[in-house]
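Worksheet: one structure, shown below.
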Amino acid sequence: MKETSNIFQSVYYKTTYADPEKVVEEPLIAFTGRSNAGKSSLISAICNQKNLARPARTPGKTRNLNIFEGQLNGKPFYLCDLPGFGYANLPRAERERLGKMIESFFLQHKGLLISLILCDSARWPGEEEAAIEKILLERGSGCQWVFTRWDRLNQKEKAKARSRWKEMGIASEALAVSSTKGTGLNGLRKQLTMAIQEYYGEAKGFSPVP
Ligand SMILES: Nc1nc2c(ncn2[C@@H]2O[C@H](COP(=O)(O)OP(=O)(O)O)[C@@H](O)[C@H]2O)c(=O)[nH]1
Ligand SMILES: [Mg+2]
């Protein structure tokens, strides 16, 4: 079926911004989360291209924002790999500045289609993740919790993660994924494809994720 084919397979790197306020691309799917949450790996995995976003291979460029472009029936969409907040190797002031810059991006960017808030499945989301969710909810902009590195958890740890999500009140919206094993990726691709179709008014007749 054409609608369910992987439109992310032909996504390619477009450009890099040092200043999030300069980003003009839309509709934009934002990947945000702590440094090491698995953002770059997830972009590469969704797109079935091993080194597309080069996970952890650009240590000097942690503050940059990378844009990838794809097309749905000839119409563009963009994936955005945001700088990771909470980067341990940065001085505190710099870390805070980066956090504010990311928040301001979520407050201001007009072309946000959906934002994926990534968090390592082994962790509780922190204040930064909650702040971004709050901004998006207040704006009425779509967001999706994505819990990464699911393959690294044993059964007991998975149960613990699920009870954590329940306690946070996000159990029904939490998506568990593994970029290495492929867990959850098809569901996420379908959800994103639908969001792009809706944006372009092409949603009719598309069956949601079973
Ligand atoms: N086992 C496992 N490791 C992962 C997965 N996703 C990312 N990683 C690893 O976690 C580290 C951080 O990932 P990366 O994508 O660079 O995180 P980013 O800083 O958020 O872009 C890297 O060493 C990845 O290889 C996953 O699904 N499973
Ligand atoms: Mg990265």
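FYI, nothing fancy with the structure tokens labels: chains A, B, ... in order, residues from 1 per chain, ligands from 1 as they appear.
Look at Pro76 in chain A: the protein and nucleic acid residues within 12 Å of it, using only C-alpha atoms and passing over chain neighbours fewer than 6 places away, are Ile7, Phe8, Ser10, Val11, Tyr12, Lys14, Glu25, Glu26, Pro27, Leu28, Ile29, Phe68, Glu69, Gly70, Thr193, Ile196, Gln197, Tyr199 and Tyr200 of chain A.
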Using only C-alpha atoms and all ligand atoms, which residues have at least one atom no more than 9 Å from ligand 1? Output them as a PDB file with C-alpha atoms, in the first residue's frame.
ATOM      1  CA  PHE A  31      13.368  15.369  18.056  1.00  0.00           C
ATOM      2  CA  THR A  32      14.276  16.695  21.467  1.00  0.00           C
ATOM      3  CA  GLY A  33      15.707  15.254  24.667  1.00  0.00           C
ATOM      4  CA  ARG A  34      18.769  15.076  26.834  1.00  0.00           C
ATOM      5  CA  SER A  35      22.136  14.533  25.253  1.00  0.00           C
ATOM      6  CA  ASN A  36      22.523  10.762  24.736  1.00  0.00           C
ATOM      7  CA  ALA A  37      18.753  10.170  24.807  1.00  0.00           C
ATOM      8  CA  GLY A  38      19.059   8.573  21.371  1.00  0.00           C
ATOM      9  CA  LYS A  39      17.789  11.374  19.103  1.00  0.00           C
ATOM     10  CA  SER A  40      20.266  10.928  16.270  1.00  0.00           C
ATOM     11  CA  SER A  41      19.996   7.139  16.425  1.00  0.00           C
ATOM     12  CA  LEU A  42      16.218   7.331  16.203  1.00  0.00           C
ATOM     13  CA  ILE A  43      16.284   9.630  13.184  1.00  0.00           C
ATOM     14  CA  SER A  44      18.704   7.297  11.414  1.00  0.00           C
ATOM     15  CA  ALA A  45      16.639   4.238  12.375  1.00  0.00           C
ATOM     16  CA  ALA A  53      22.265  11.658  11.718  1.00  0.00           C
ATOM     17  CA  ARG A  54      25.661  10.285  12.821  1.00  0.00           C
ATOM     18  CA  PRO A  55      24.913   9.482  16.445  1.00  0.00           C
ATOM     19  CA  ALA A  56      27.557  10.594  18.919  1.00  0.00           C
ATOM     20  CA  ARG A  57      30.088  11.248  16.170  1.00  0.00           C
ATOM     21  CA  THR A  58      29.971  15.012  16.253  1.00  0.00           C
ATOM     22  CA  THR A  62      26.395  19.242  20.126  1.00  0.00           C
ATOM     23  CA  ASP A  81      17.661  16.938  15.434  1.00  0.00           C
ATOM     24  CA  LEU A  82      17.861  19.456  18.266  1.00  0.00           C
ATOM     25  CA  PRO A  83      20.872  19.976  20.502  1.00  0.00           C
ATOM     26  CA  GLY A  84      20.669  17.753  23.571  1.00  0.00           C
ATOM     27  CA  TYR A  87      25.055  17.929  28.305  1.00  0.00           C
ATOM     28  CA  LEU A 118      12.841  11.462  23.845  1.00  0.00           C
ATOM     29  CA  CYS A 119      13.899   9.992  27.143  1.00  0.00           C
ATOM     30  CA  ASP A 120      16.033   6.978  27.971  1.00  0.00           C
ATOM     31  CA  THR A 148      14.320   4.992  23.876  1.00  0.00           C
ATOM     32  CA  ARG A 149      16.811   2.124  24.234  1.00  0.00           C
ATOM     33  CA  TRP A 150      13.989  -0.241  25.172  1.00  0.00           C
ATOM     34  CA  ASP A 151      16.177  -3.210  24.163  1.00  0.00           C
ATOM     35  CA  ARG A 152      18.481  -2.528  27.085  1.00  0.00           C
ATOM     36  CA  VAL A 177      11.269   2.219  20.950  1.00  0.00           C
ATOM     37  CA  SER A 178      14.562   0.606  20.169  1.00  0.00           C
ATOM     38  CA  SER A 179      16.628   2.041  17.355  1.00  0.00           C
ATOM     39  CA  THR A 180      18.900  -0.991  17.341  1.00  0.00           C
ATOM     40  CA  LYS A 181      16.179  -3.665  17.412  1.00  0.00           C
ATOM     41  CA  GLY A 182      13.514  -1.711  15.532  1.00  0.00           C
ATOM     42  CA  THR A 183      10.894  -1.955  18.270  1.00  0.00           C
TER      43      THR A 183
END
Quiz item: Looking at A:Ile102, A:Glu198, A:Ala161, A:Leu52, which one is nearest to ligand 2, with distances taken over only C-alpha atoms and all ligand atoms?
Solution: A:Leu52
Quiz item: Please, which residues of range 92-149 of chain A, numbered as in this document, come out strand (DSSP E or B) from DSSP, as an NGL selection string?
Solution: :A and (112-120 or 142-148)
With N, CA and C atoms retained, export the selected residues as a JSON list (two decimals), in the first residue's frame.
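Just written: part_10.json:
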[["chain", "number", "residue", "atom", "x", "y", "z"],
["A", 112, "LEU", "N", 6.03, 23.95, 13.67],
["A", 112, "LEU", "CA", 6.10, 22.66, 14.37],
["A", 112, "LEU", "C", 4.88, 21.80, 14.04],
["A", 113, "LEU", "N", 5.14, 20.62, 13.53],
["A", 113, "LEU", "CA", 4.05, 19.69, 13.24],
["A", 113, "LEU", "C", 3.82, 18.81, 14.46],
["A", 114, "ILE", "N", 4.87, 18.16, 14.89],
["A", 114, "ILE", "CA", 4.80, 17.33, 16.10],
["A", 114, "ILE", "C", 6.20, 17.28, 16.70],
["A", 115, "SER", "N", 6.25, 17.24, 18.02],
["A", 115, "SER", "CA", 7.54, 17.18, 18.70],
["A", 115, "SER", "C", 7.65, 15.88, 19.46],
["A", 116, "LEU", "N", 8.73, 15.18, 19.24],
["A", 116, "LEU", "CA", 8.97, 13.93, 19.95],
["A", 116, "LEU", "C", 9.89, 14.25, 21.12],
["A", 117, "ILE", "N", 9.41, 13.98, 22.32],
["A", 117, "ILE", "CA", 10.25, 14.19, 23.50],
["A", 117, "ILE", "C", 10.86, 12.84, 23.86],
["A", 118, "LEU", "N", 12.15, 12.73, 23.62],
["A", 118, "LEU", "CA", 12.84, 11.46, 23.85],
["A", 118, "LEU", "C", 13.43, 11.38, 25.24],
["A", 119, "CYS", "N", 13.32, 10.20, 25.83],
["A", 119, "CYS", "CA", 13.90, 9.99, 27.14],
["A", 119, "CYS", "C", 14.36, 8.54, 27.23],
["A", 120, "ASP", "N", 15.53, 8.34, 27.76],
["A", 120, "ASP", "CA", 16.03, 6.98, 27.97],
["A", 120, "ASP", "C", 15.03, 6.22, 28.86],
["A", 142, "GLY", "N", 1.28, 19.46, 18.93],
["A", 142, "GLY", "CA", 1.35, 18.03, 19.23],
["A", 142, "GLY", "C", 2.69, 17.59, 19.80],
["A", 143, "CYS", "N", 2.63, 16.74, 20.82],
["A", 143, "CYS", "CA", 3.88, 16.15, 21.29],
["A", 143, "CYS", "C", 3.67, 14.68, 21.62],
["A", 144, "GLN", "N", 4.75, 13.95, 21.55],
["A", 144, "GLN", "CA", 4.72, 12.51, 21.76],
["A", 144, "GLN", "C", 5.90, 12.11, 22.63],
["A", 145, "TRP", "N", 5.63, 11.44, 23.75],
["A", 145, "TRP", "CA", 6.72, 10.91, 24.58],
["A", 145, "TRP", "C", 7.27, 9.66, 23.92],
["A", 146, "VAL", "N", 8.58, 9.63, 23.74],
["A", 146, "VAL", "CA", 9.21, 8.45, 23.15],
["A", 146, "VAL", "C", 10.29, 7.95, 24.11],
["A", 147, "PHE", "N", 10.13, 6.73, 24.59],
["A", 147, "PHE", "CA", 11.13, 6.16, 25.51],
["A", 147, "PHE", "C", 12.06, 5.24, 24.74],
["A", 148, "THR", "N", 13.33, 5.61, 24.77],
["A", 148, "THR", "CA", 14.32, 4.99, 23.88],
["A", 148, "THR", "C", 15.10, 3.87, 24.56]]
